[in-house]
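File shown: final-v1.txt. Contents: compact mmCIF, C-alpha atoms and all ligand atoms.
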```txt
# COMPACT_ATOMS: atom_id res chain seq x y z
CA MET O 1 0.00 0.00 0.00
CA SER O 2 1.67 3.20 -1.07
CA TYR O 3 0.87 6.79 -0.20
CA ASP O 4 2.45 10.24 -0.41
CA ALA O 5 2.68 10.41 3.38
CA ILE O 6 2.29 8.05 6.33
CA VAL O 7 1.49 9.53 9.74
CA ILE O 8 2.06 7.46 12.88
CA GLY O 9 -0.31 8.42 15.71
CA ALA O 10 -3.72 10.11 15.59
CA GLY O 11 -3.46 12.54 18.49
CA PRO O 12 -3.88 16.25 17.65
CA GLY O 13 -0.41 16.44 16.05
CA GLY O 14 -0.91 13.50 13.69
CA ALA O 15 -4.50 14.36 12.78
CA SER O 16 -3.60 17.97 12.02
CA ALA O 17 -0.67 16.96 9.77
CA ALA O 18 -2.67 14.25 7.97
CA LEU O 19 -5.68 16.47 7.40
CA SER O 20 -3.61 19.43 6.19
CA LEU O 21 -1.68 17.27 3.73
CA ALA O 22 -4.87 15.65 2.43
CA ARG O 23 -6.25 19.18 1.81
CA GLN O 24 -3.25 19.71 -0.50
CA GLY O 25 -4.39 16.72 -2.56
CA ARG O 26 -1.85 14.30 -1.08
CA SER O 27 -2.70 10.66 -0.41
CA VAL O 28 -2.19 10.09 3.30
CA ALA O 29 -2.49 7.13 5.67
CA ILE O 30 -2.69 7.59 9.44
CA ILE O 31 -2.01 4.73 11.83
CA GLU O 32 -3.47 4.72 15.33
CA ARG O 33 -2.95 1.87 17.72
CA SER O 34 -5.84 2.55 20.12
CA GLU O 35 -9.56 2.47 19.44
CA PHE O 36 -11.42 5.76 19.82
CA PRO O 37 -12.99 7.19 21.86
CA ARG O 38 -10.19 6.91 24.38
CA ARG O 39 -9.45 9.07 27.38
CA LYS O 40 -5.99 10.50 27.81
CA VAL O 41 -3.84 12.08 30.50
CA CYS O 42 -4.28 15.73 29.53
CA GLY O 43 -5.80 18.87 31.05
CA GLU O 44 -7.77 19.35 27.80
CA PHE O 45 -7.51 23.15 27.69
CA ILE O 46 -7.01 24.70 24.25
CA SER O 47 -6.02 28.34 24.03
CA ALA O 48 -8.09 30.69 21.87
CA VAL O 49 -5.36 31.25 19.27
CA ASN O 50 -6.19 27.78 17.97
CA LEU O 51 -9.79 28.61 17.06
CA ALA O 52 -8.81 29.86 13.61
CA LEU O 53 -6.74 26.71 13.04
CA LEU O 54 -9.57 24.46 14.22
CA ASP O 55 -11.79 26.30 11.71
CA ARG O 56 -9.33 25.60 8.90
CA LEU O 57 -9.16 21.96 9.97
CA GLY O 58 -12.96 21.84 9.71
CA VAL O 59 -13.75 21.19 13.38
CA GLY O 60 -14.11 24.76 14.70
CA GLU O 61 -17.89 24.72 14.73
CA ALA O 62 -18.08 21.35 16.49
CA PHE O 63 -15.46 22.55 19.00
CA ARG O 64 -17.49 25.69 19.78
CA ASP O 65 -20.67 23.59 20.16
CA LEU O 66 -19.14 20.99 22.45
CA ALA O 67 -16.32 22.53 24.51
CA GLY O 68 -16.66 23.73 28.09
CA PRO O 69 -17.09 27.40 29.06
CA GLU O 70 -14.65 30.18 28.08
CA VAL O 71 -11.80 30.65 30.54
CA SER O 72 -11.41 34.35 31.28
CA ARG O 73 -9.60 34.14 34.63
CA LEU O 74 -6.49 32.39 35.89
CA ALA O 75 -5.79 31.51 39.50
CA LEU O 76 -3.00 30.16 41.65
CA PHE O 77 -4.09 27.41 44.04
CA ALA O 78 -1.21 26.70 46.43
CA ALA O 79 -0.91 26.67 50.21
CA GLY O 80 -3.05 29.56 51.48
CA PRO O 81 -5.91 31.41 49.83
CA ALA O 82 -6.42 31.38 46.05
CA LEU O 83 -5.06 34.28 43.98
CA GLU O 84 -6.64 35.34 40.69
CA ALA O 85 -5.74 37.30 37.55
CA PRO O 86 -7.35 37.90 34.15
CA MET O 87 -6.52 35.59 31.24
CA PRO O 88 -4.95 37.62 28.41
CA LYS O 89 -7.20 37.86 25.35
CA ALA O 90 -6.16 36.40 22.02
CA SER O 91 -7.02 38.23 18.81
CA GLY O 92 -10.76 38.06 18.11
CA ASN O 93 -11.46 38.58 21.81
CA ALA O 94 -12.12 34.89 22.32
CA PHE O 95 -10.95 32.89 25.32
CA GLY O 96 -9.67 29.33 25.42
CA ARG O 97 -11.90 26.39 26.37
CA ALA O 98 -11.48 22.73 27.22
CA LEU O 99 -12.79 19.69 25.38
CA GLY O 100 -12.30 16.09 26.52
CA ARG O 101 -9.67 14.24 24.52
CA ASP O 102 -12.16 11.40 24.09
CA VAL O 103 -14.19 13.92 22.04
CA LEU O 104 -11.54 16.18 20.45
CA ASP O 105 -9.33 13.43 19.03
CA GLY O 106 -12.35 11.68 17.51
CA LEU O 107 -13.55 14.93 15.87
CA LEU O 108 -10.15 15.55 14.32
CA LEU O 109 -9.78 12.00 13.06
CA GLU O 110 -13.28 12.02 11.54
CA ALA O 111 -12.44 15.30 9.78
CA ALA O 112 -9.24 13.72 8.42
CA LYS O 113 -11.22 10.72 7.18
CA ALA O 114 -13.75 13.03 5.50
CA GLU O 115 -10.83 14.73 3.74
CA GLY O 116 -9.80 11.38 2.25
CA VAL O 117 -7.16 10.25 4.75
CA THR O 118 -6.94 6.43 5.05
CA VAL O 119 -7.31 5.60 8.74
CA LEU O 120 -5.73 2.35 9.92
CA GLN O 121 -7.02 1.81 13.45
CA PRO O 122 -6.35 -0.04 15.66
CA TRP O 123 -2.96 -0.77 14.09
CA ARG O 124 0.44 -0.21 15.68
CA ALA O 125 3.51 0.92 13.76
CA VAL O 126 6.39 -1.36 14.75
CA GLU O 127 9.18 -0.49 12.35
CA ILE O 128 10.26 2.38 10.11
CA SER O 129 12.92 1.73 7.49
CA ARG O 130 13.94 3.24 4.18
CA GLU O 131 14.49 1.81 0.70
CA GLY O 132 15.77 4.45 -1.69
CA GLU O 133 13.24 7.25 -1.95
CA LEU O 134 10.58 5.38 0.01
CA GLY O 135 9.96 5.15 3.73
CA LEU O 136 8.59 1.77 4.75
CA VAL O 137 6.37 1.43 7.80
CA ARG O 138 5.51 -2.01 9.13
CA ILE O 139 2.27 -2.14 11.09
CA GLU O 140 0.70 -4.87 13.20
CA ASP O 141 -2.71 -5.72 14.59
CA ARG O 142 -2.74 -8.88 16.68
CA ASP O 143 -1.54 -11.56 14.21
CA GLN O 144 -1.83 -9.44 11.05
CA GLN O 145 1.03 -7.47 9.49
CA LEU O 146 1.11 -4.93 6.68
CA GLU O 147 3.80 -2.81 5.06
CA LEU O 148 3.03 0.72 3.90
CA SER O 149 5.31 2.92 1.83
CA ALA O 150 5.56 6.65 1.19
CA PRO O 151 8.32 9.20 0.54
CA VAL O 152 7.24 11.16 3.64
CA VAL O 153 6.98 9.52 7.05
CA ILE O 154 5.72 11.59 10.00
CA ALA O 155 6.10 10.48 13.60
CA ALA O 156 3.22 11.80 15.70
CA HIS O 157 3.19 9.08 18.33
CA GLY O 158 3.81 11.23 21.37
CA SER O 159 6.77 10.96 23.71
CA TRP O 160 5.68 9.22 26.88
CA GLU O 161 5.96 5.59 25.90
CA PRO O 162 9.03 3.72 24.71
CA GLY O 163 8.79 1.65 21.54
CA LYS O 164 10.82 0.05 18.78
CA LEU O 165 10.52 2.84 16.20
CA ALA O 166 13.58 4.86 15.20
CA SER O 167 11.64 7.94 16.34
CA ASN O 168 10.70 6.59 19.81
CA LEU O 169 12.58 7.95 22.81
CA GLU O 170 14.62 5.56 24.91
CA LYS O 171 13.02 4.29 28.13
CA ARG O 172 13.78 6.40 31.21
CA ASN O 173 13.45 5.88 34.93
CA GLN O 174 14.95 8.70 37.00
CA LYS O 175 13.94 9.98 40.39
CA HIS O 176 13.32 13.50 39.09
CA ASP O 177 11.00 12.31 36.29
CA PHE O 178 7.49 13.74 36.32
CA LEU O 179 4.53 11.37 36.10
CA GLY O 180 1.19 12.59 34.78
CA PHE O 181 -2.26 12.00 36.32
CA LYS O 182 -5.71 13.02 35.24
CA ALA O 183 -9.33 12.57 36.26
CA HIS O 184 -12.75 14.00 35.48
CA PHE O 185 -15.06 15.15 38.25
CA THR O 186 -18.70 16.19 38.21
CA GLU O 187 -20.51 18.42 40.73
CA ALA O 188 -17.31 20.30 41.52
CA ALA O 189 -17.36 23.76 43.12
CA LEU O 190 -15.29 25.89 40.77
CA ALA O 191 -16.33 29.06 38.93
CA SER O 192 -16.99 28.18 35.30
CA ASP O 193 -14.60 30.82 33.86
CA LEU O 194 -11.65 30.08 36.17
CA MET O 195 -8.59 27.96 35.35
CA PRO O 196 -6.42 27.50 38.44
CA LEU O 197 -2.80 26.48 38.35
CA MET O 198 -2.25 24.11 41.28
CA VAL O 199 1.15 24.15 42.94
CA PHE O 200 1.93 21.56 45.60
CA PRO O 201 5.08 19.97 47.05
CA GLY O 202 6.73 17.94 44.29
CA GLY O 203 4.42 18.97 41.48
CA TYR O 204 1.93 21.16 39.74
CA GLY O 205 -1.33 20.81 37.86
CA GLY O 206 -4.49 22.49 36.75
CA MET O 207 -8.24 22.22 36.58
CA VAL O 208 -10.75 23.47 34.06
CA TRP O 209 -14.36 22.80 33.11
CA ALA O 210 -14.52 20.74 29.93
CA ASP O 211 -17.54 19.39 28.01
CA GLN O 212 -20.56 17.54 29.48
CA GLY O 213 -20.20 19.16 32.91
CA ARG O 214 -16.87 17.43 33.49
CA LEU O 215 -14.14 19.17 35.45
CA SER O 216 -10.78 18.07 34.05
CA VAL O 217 -8.18 17.79 36.82
CA SER O 218 -4.63 16.92 35.81
CA CYS O 219 -1.23 17.15 37.38
CA CYS O 220 2.40 16.10 37.26
CA ILE O 221 4.32 14.89 40.26
CA ARG O 222 7.96 13.95 40.70
CA ARG O 223 8.58 10.22 40.85
CA ASP O 224 10.63 10.43 44.08
CA VAL O 225 7.95 12.49 45.84
CA LEU O 226 5.24 10.04 44.76
CA THR O 227 7.35 7.10 45.95
CA ARG O 228 7.72 8.73 49.38
CA LEU O 229 4.01 9.52 49.58
CA ARG O 230 3.12 5.94 48.67
CA VAL O 231 5.21 4.66 51.57
CA GLU O 232 3.36 7.06 53.90
CA HIS O 233 -0.03 5.92 52.52
CA ALA O 234 0.65 2.21 52.12
CA GLY O 235 -2.27 0.31 50.59
CA LEU O 236 -3.49 3.21 48.43
CA SER O 237 -3.03 3.34 44.66
CA ALA O 238 -0.73 5.97 43.15
CA ALA O 239 -3.76 7.94 41.91
CA GLU O 240 -5.45 7.85 45.33
CA VAL O 241 -2.26 9.15 46.89
CA VAL O 242 -2.01 11.97 44.33
CA HIS O 243 -5.67 12.87 44.92
CA LEU O 244 -5.07 13.09 48.70
CA HIS O 245 -1.84 15.01 48.25
CA ILE O 246 -3.28 17.77 46.04
CA MET O 247 -6.30 18.20 48.30
CA GLY O 248 -4.15 18.21 51.43
CA SER O 249 -1.64 20.72 50.00
CA CYS O 250 -4.01 23.30 48.48
CA PRO O 251 -7.09 24.41 50.46
CA ALA O 252 -8.70 25.83 47.30
CA VAL O 253 -8.38 22.45 45.55
CA ARG O 254 -10.08 20.83 48.52
CA SER O 255 -12.94 23.36 48.28
CA ALA O 256 -13.28 22.72 44.53
CA ILE O 257 -13.25 18.91 44.41
CA GLY O 258 -13.66 17.83 48.05
CA GLY O 259 -17.41 17.27 47.53
CA ALA O 260 -17.22 16.36 43.82
CA SER O 261 -17.81 12.92 42.27
CA LEU O 262 -15.08 11.15 40.37
CA HIS O 263 -16.33 10.54 36.80
CA GLY O 264 -14.52 7.49 35.40
CA GLU O 265 -11.14 6.41 36.68
CA TRP O 266 -7.92 8.30 37.35
CA LEU O 267 -5.48 7.82 34.46
CA ALA O 268 -1.69 7.82 34.74
CA ALA O 269 1.04 8.29 32.14
CA GLY O 270 4.65 9.14 31.79
CA PRO O 271 7.25 9.99 32.57
CA ILE O 272 6.67 13.14 30.54
CA ARG O 273 9.65 14.22 28.42
CA PRO O 274 9.85 18.02 28.22
CA GLY O 275 12.48 19.43 25.88
CA ILE O 276 13.25 20.41 22.31
CA ARG O 277 14.14 17.51 19.99
CA PRO O 278 15.02 17.16 16.31
CA ARG O 279 12.02 17.94 14.13
CA PHE O 280 13.50 16.02 11.18
CA ALA O 281 16.07 13.28 11.65
CA ALA O 282 16.81 9.88 10.10
CA GLU O 283 14.44 10.92 7.28
CA ILE O 284 11.50 11.05 9.72
CA PHE O 285 9.50 14.24 10.27
CA ARG O 286 8.19 14.74 13.81
CA VAL O 287 5.18 16.70 15.05
CA GLY O 288 3.53 17.17 18.44
CA ASN O 289 5.20 15.96 21.61
CA ILE O 290 7.86 13.91 19.88
CA ALA O 291 9.23 17.06 18.19
CA GLY O 292 9.30 19.00 21.43
CA GLU O 293 7.31 19.21 24.60
CA SER O 294 6.68 21.84 27.23
CA HIS O 295 6.00 21.10 30.87
CA PRO O 296 2.19 20.93 30.96
CA ILE O 297 2.21 23.67 33.62
CA ILE O 298 1.41 26.02 30.70
CA ALA O 299 -1.27 23.76 29.12
CA GLU O 300 0.03 24.29 25.60
CA GLY O 301 0.77 20.75 24.36
CA ILE O 302 -2.40 20.38 22.28
CA SER O 303 -1.77 23.80 20.70
CA MET O 304 1.79 22.84 19.85
CA ALA O 305 0.66 19.51 18.42
CA LEU O 306 -2.09 21.03 16.25
CA GLN O 307 0.13 23.88 15.13
CA SER O 308 3.21 21.79 14.41
CA GLY O 309 1.16 19.43 12.21
CA TRP O 310 -0.08 22.43 10.26
CA LEU O 311 3.38 24.05 10.04
CA LEU O 312 4.94 20.85 8.70
CA ALA O 313 2.25 20.49 6.02
CA GLU O 314 2.87 24.12 5.01
CA GLN O 315 6.61 23.52 4.66
CA LEU O 316 6.06 20.31 2.68
CA ALA O 317 3.76 22.27 0.34
CA GLN O 318 6.62 24.69 -0.41
CA VAL O 319 8.91 22.07 -1.97
CA LYS O 320 8.30 20.96 -5.56
CA THR O 321 9.02 17.26 -5.15
CA TRP O 322 9.26 15.03 -2.12
CA ASP O 323 12.56 13.49 -3.19
CA ARG O 324 15.51 13.46 -0.81
CA ALA O 325 16.52 17.05 -1.55
CA GLY O 326 12.90 18.23 -1.21
CA ARG O 327 12.44 16.40 2.08
CA GLU O 328 15.66 17.82 3.49
CA ALA O 329 14.72 21.37 2.47
CA ALA O 330 11.25 21.01 3.99
CA GLY O 331 12.78 19.45 7.12
CA ALA O 332 15.25 22.32 7.62
CA ASN O 333 12.58 24.99 7.06
CA TYR O 334 10.09 23.24 9.33
CA ALA O 335 12.73 22.93 12.08
CA SER O 336 13.35 26.65 11.98
CA VAL O 337 9.70 27.84 11.91
CA TRP O 338 8.99 25.34 14.68
CA ARG O 339 11.72 26.88 16.86
CA ARG O 340 10.42 30.41 16.29
CA GLN O 341 6.90 29.35 17.21
CA PHE O 342 7.54 27.15 20.23
CA ALA O 343 11.02 27.45 21.79
CA THR O 344 10.21 30.39 24.10
CA ARG O 345 7.21 28.71 25.67
CA ILE O 346 9.12 25.47 26.25
CA ARG O 347 11.81 27.42 28.11
CA ALA O 348 9.26 29.49 30.04
CA ALA O 349 7.46 26.31 31.10
CA ASP O 350 10.74 24.80 32.25
CA VAL O 351 11.46 27.77 34.52
CA LEU O 352 7.89 27.83 35.88
CA SER O 353 7.92 24.12 36.65
CA ARG O 354 11.21 24.43 38.54
CA LEU O 355 9.75 27.32 40.55
CA ALA O 356 6.58 25.40 41.30
CA ILE O 357 7.90 22.18 42.76
CA PHE O 358 10.01 23.42 45.64
CA PRO O 359 8.17 24.73 48.74
CA GLN O 360 10.47 27.81 49.05
CA SER O 361 10.11 28.83 45.41
CA ALA O 362 6.37 28.05 45.41
CA ALA O 363 6.04 30.45 48.36
CA LEU O 364 8.06 33.03 46.40
CA MET O 365 5.81 32.51 43.38
CA ARG O 366 2.78 33.00 45.60
CA GLY O 367 4.31 36.18 47.05
CA VAL O 368 4.96 37.60 43.58
CA VAL O 369 1.42 36.82 42.39
CA ASN O 370 0.02 38.26 45.64
CA VAL O 371 1.57 41.71 45.11
CA PHE O 372 1.54 41.51 41.32
CA PRO O 373 -1.36 39.35 40.08
CA ALA O 374 -0.50 40.33 36.50
CA ALA O 375 2.45 37.89 36.83
CA LEU O 376 -0.04 35.11 36.10
CA SER O 377 -1.29 36.89 32.96
CA ILE O 378 2.28 37.62 31.84
CA GLY O 379 3.13 33.94 32.36
CA ALA O 380 0.15 33.02 30.16
CA ARG O 381 1.37 35.37 27.44
CA LEU O 382 4.92 33.98 27.60
CA SER O 383 3.49 30.50 27.35
CA GLY O 384 2.07 31.26 23.91
CA LYS O 385 -1.59 31.82 24.85
CA THR O 386 -1.78 34.83 22.51
CA LYS O 387 0.81 33.82 19.86
CA THR O 388 -0.88 33.26 16.51
CA LEU O 389 0.45 31.02 13.76
CA PRO O 390 2.23 32.75 10.87
CA GLY O 391 -0.30 33.47 8.11
CA PHE O 392 -3.36 33.48 10.46
C1 LIG I 1 -0.89 16.17 33.25
C2 LIG I 1 -0.93 16.76 31.86
C3 LIG I 1 -1.82 17.79 31.60
C4 LIG I 1 -1.85 18.36 30.32
N1 LIG I 1 -2.74 19.37 30.08
C5 LIG I 1 -2.77 19.95 28.87
C6 LIG I 1 -3.71 21.00 28.60
O1 LIG I 1 -4.56 21.36 29.41
N2 LIG I 1 -3.65 21.60 27.38
C7 LIG I 1 -2.74 21.23 26.44
O2 LIG I 1 -2.70 21.84 25.36
N3 LIG I 1 -1.87 20.20 26.66
C8 LIG I 1 -1.87 19.56 27.83
N4 LIG I 1 -1.01 18.51 28.05
C9 LIG I 1 -0.12 18.08 26.97
C10 LIG I 1 -0.85 17.28 25.88
O3 LIG I 1 -1.57 16.23 26.44
C11 LIG I 1 0.16 16.71 24.87
O4 LIG I 1 1.11 17.67 24.57
C12 LIG I 1 -0.55 16.28 23.58
O5 LIG I 1 -1.39 15.19 23.82
C13 LIG I 1 0.48 15.89 22.52
O6 LIG I 1 -0.20 15.52 21.34
P1 LIG I 1 0.48 14.54 20.27
O7 LIG I 1 -0.46 14.50 19.11
O8 LIG I 1 1.88 14.90 20.06
O9 LIG I 1 0.54 13.12 20.99
P2 LIG I 1 -0.56 12.25 21.71
O10 LIG I 1 -1.75 13.05 22.05
O11 LIG I 1 0.16 11.53 22.79
O12 LIG I 1 -1.04 11.23 20.59
C14 LIG I 1 -0.19 10.22 20.12
C15 LIG I 1 -1.06 9.11 19.51
O13 LIG I 1 -0.19 8.17 18.90
C16 LIG I 1 -0.66 6.86 19.17
N5 LIG I 1 0.50 5.96 19.03
C17 LIG I 1 1.58 5.90 19.84
N6 LIG I 1 2.46 4.98 19.38
C18 LIG I 1 1.91 4.46 18.25
C19 LIG I 1 2.35 3.47 17.32
N7 LIG I 1 3.53 2.85 17.45
N8 LIG I 1 1.53 3.16 16.28
C20 LIG I 1 0.33 3.80 16.13
N9 LIG I 1 -0.13 4.73 16.99
C21 LIG I 1 0.68 5.08 18.02
C22 LIG I 1 -1.23 6.95 20.56
O14 LIG I 1 -2.17 5.93 20.80
C23 LIG I 1 -1.86 8.35 20.55
O15 LIG I 1 -3.22 8.32 20.16
C24 LIG I 1 -0.97 17.89 29.30
C25 LIG I 1 -0.09 16.84 29.58
C26 LIG I 1 -0.08 16.27 30.85
C27 LIG I 1 0.88 15.17 31.15
```
Any chance you could give the structure as structure tokens?
Amino acid sequence: MSYDAIVIGAGPGGASAALSLARQGRSVAIIERSEFPRRKVCGEFISAVNLALLDRLGVGEAFRDLAGPEVSRLALFAAGPALEAPMPKASGNAFGRALGRDVLDGLLLEAAKAEGVTVLQPWRAVEISREGELGLVRIEDRDQQLELSAPVVIAAHGSWEPGKLASNLEKRNQKHDFLGFKAHFTEAALASDLMPLMVFPGGYGGMVWADQGRLSVSCCIRRDVLTRLRVEHAGLSAAEVVHLHIMGSCPAVRSAIGGASLHGEWLAAGPIRPGIRPRFAAEIFRVGNIAGESHPIIAEGISMALQSGWLLAEQLAQVKTWDRAGREAAGANYASVWRRQFATRIRAADVLSRLAIFPQSAALMRGVVNVFPAALSIGARLSGKTKTLPGF
């Protein structure tokens, strides 16, 4: 089975790249190993700058119909009372909103299918190799195997799980790794327009109202801190310990979800892998988390995934042929527009996450926000909440 492009992974990065390339008249196959709908560790907030992109991808209207309320205020939930600040406005005066990943990822994949993308799901990519001008991708589903070929191969499989692909990251197990947790709650007591940043010993997180009256609560916690907490609370699961820890550390979190009902199970993932990585290497293009990832303290990973898929398709459209020289030119240009669009927010998120996890610096952060609430809004700006894509 041969195509112009093969995309591995149908999260927001892969779906955006596949759909954008199909719009250019390219034949595209996307491979997704899990069945949809599937929940995912993610805070599910999407900043308003992405509305125009979601419109171009053909899901803007559905997003506006389904997503949770607009978020016009930020807050800091740490030890002590909550502190609030306005969310900076993106162009068009819109605010960001949250939509469950079980809904969003399905919408995007359906839109890609409607654009003519071949969806192979549930299939897992297990090997990427090259034969002359063609990339070969071997995929498996239980006892079946297939080989697909295309000049352009795009890795969009995320960064949190190891695998056998040349584009997968190596397995990691370090004490300062951050592990991700997420749950939905109903009947929570949080203002509908407020998105608090939670800061607690060893980690950070956030909460926001998503679709269907679900409050999305997600956080990252250092592996060594979680290990210590699990010894203190022997017999509880990791998620139960995290739940207790965030409620015990932040009074405002306790007020918001103390009386709420857990909707579905807690999910766990990770370790997360923040950093900037090659966007084109070993003849494989990369979008979304695998190209580069910010600490989710700034809730920008979906934006970066959607936008990087779009940016790559734009750069591939600029080269006449997708032969080796064309791929290399597109790869170099994509790497540089990617850096201009995302590098600052990845660095800002790194600094913020370091500040958040230590009790002394969290207290300092709280002090700064207390006398200067605009620090929260400035942080949101630095994190890319108002940065539009070139050409939008
Ligand atoms: C705690 C936490 C909270 C967060 N909150 C937010 C937030 O509020 N807002 C925000 O914008 N971002 C947030 N993020 C970040 C966001 O979740 C990620 O950045 C985003 O999901 C990355 O998208 P992606 O398309 O690169 O990869 P993913 O969404 O991870 O999608 C990758 C897809 O590839 C598939 N796949 C993997 N391997 C294979 C294979 N071999 N073959 C076939 N398919 C494969 C997977 O099944 C998956 O569907 C958060 C992250 C964490 C940890």
- request: Give me the residues within 12 Å of His157 of chain O as a count of residues only, counting only C-alpha atoms and dropping any in the same chain fewer than 5 places off.
  value: 33
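From atom CA of Arg101 of chain O back to atom CA of Arg39 of chain O, the distance works out to 5.9 Å.
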Exercise for the section: Have a look at O:Glu328, O:Asp211, O:Glu161, O:Asp350 and name the one nearest to Phe185 of chain O; count all atoms listed in the file. Expected result: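 The closest residue to Phe185 of chain O is O:Asp211.
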Which neighbours of Val137 of chain O fall inside 6 Å, counting only C-alpha atoms, when residues of the same chain fewer than 5 positions from it are skipped, and could you give them as a list in words? Glu127, Ile128, Glu147 and Leu148 of chain O
Report, in Å to a single decimal, how far apart atom O9 of ligand LIG 1 (chain I) and atom CA of Ser383 of chain O are.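 Distance reported for this atom pair: 18.7 Å.
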Show which residues sit within 12 Å of Met247 of chain O, as a tab-separated table (two decimals) with C-alpha atoms, in the frame of the given file. Count all atoms listed in the file, and ignore same-chain residues fewer than 5 positions away.
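Final output, out17.tsv:
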```tsv
chain	number	residue	atom	x	y	z
O	77	PHE	CA	-4.09	27.41	44.04
O	78	ALA	CA	-1.21	26.70	46.43
O	79	ALA	CA	-0.91	26.67	50.21
O	198	MET	CA	-2.25	24.11	41.28
O	199	VAL	CA	1.15	24.15	42.94
O	200	PHE	CA	1.93	21.56	45.60
O	201	PRO	CA	5.08	19.97	47.05
O	205	GLY	CA	-1.33	20.81	37.86
O	217	VAL	CA	-8.18	17.79	36.82
O	240	GLU	CA	-5.45	7.85	45.33
O	241	VAL	CA	-2.26	9.15	46.89
O	242	VAL	CA	-2.01	11.97	44.33
O	252	ALA	CA	-8.70	25.83	47.30
O	253	VAL	CA	-8.38	22.45	45.55
O	254	ARG	CA	-10.08	20.83	48.52
O	255	SER	CA	-12.94	23.36	48.28
O	256	ALA	CA	-13.28	22.72	44.53
O	257	ILE	CA	-13.25	18.91	44.41
O	258	GLY	CA	-13.66	17.83	48.05
O	259	GLY	CA	-17.41	17.27	47.53
O	260	ALA	CA	-17.22	16.36	43.82
```
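A straight line drawn from atom O3 of ligand LIG 1 (chain I) to atom CA of Ser218 of chain O is 9.9 Å long.
Closest to Ser91 of chain O among O:Ile276, O:Arg339, O:Glu300, O:Ser47 is O:Ser47, based on all atoms listed in the file.
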Please return as a list in words every residue within 8 Å of (6.3, 28.4, 23.0), taking into account all atoms listed in the file and the file's own coordinates.
Ser294, Glu300, Met304, Gln341, Phe342, Ala343, Thr344, Arg345, Ile346, Arg347, Ala348, Leu382, Ser383 and Gly384 of chain O
Exercise for review: Write out as a PyMOL selection string each polymer residue whose atoms come within 9 Å of Lys385 of chain O, counting only C-alpha atoms; drop sequence neighbours fewer than 5 positions from it.
Suggested key: chain O and resi 46-49+87-90+96+298+300+380
Handout entry: From O:Gly92, O:Pro271, O:Gly213, O:Pro69, residue lying nearest Lys175 of chain O [all atoms listed in the file]
Key =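 Smallest separation from Lys175 of chain O among the options: O:Pro271.
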Padding of 6 Å on every side, edges along x, y and z, all listed atoms of ligand LIG 1 (chain I) included: what centre and edge lengths in Å, to one decimal, does that box have, as JSON?
```
{"center_x": -0.5, "center_y": 12.3, "center_z": 24.7, "size_x": 20.1, "size_y": 31.0, "size_z": 29.1}
```
Closest of O:Glu283, O:Glu61, O:Asp323, O:Glu140 to ligand LIG 1 (chain I), counting all atoms listed in the file, is O:Glu140
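Checking O:Ser2, O:Ser336, O:Ser353, O:Asn50 one by one against Arg64 of chain O, counting all atoms listed in the file, you find the shortest gap at O:Asn50.
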Item to complete: Go through O:Ala332, O:Ile378, O:Leu54, O:Leu109 and flag the residue nearest ligand LIG 1 (chain I), using only C-alpha atoms and all ligand atoms for the distances.
Response: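 Residue with the minimum atom-to-atom distance to ligand LIG 1 (chain I): O:Leu109.
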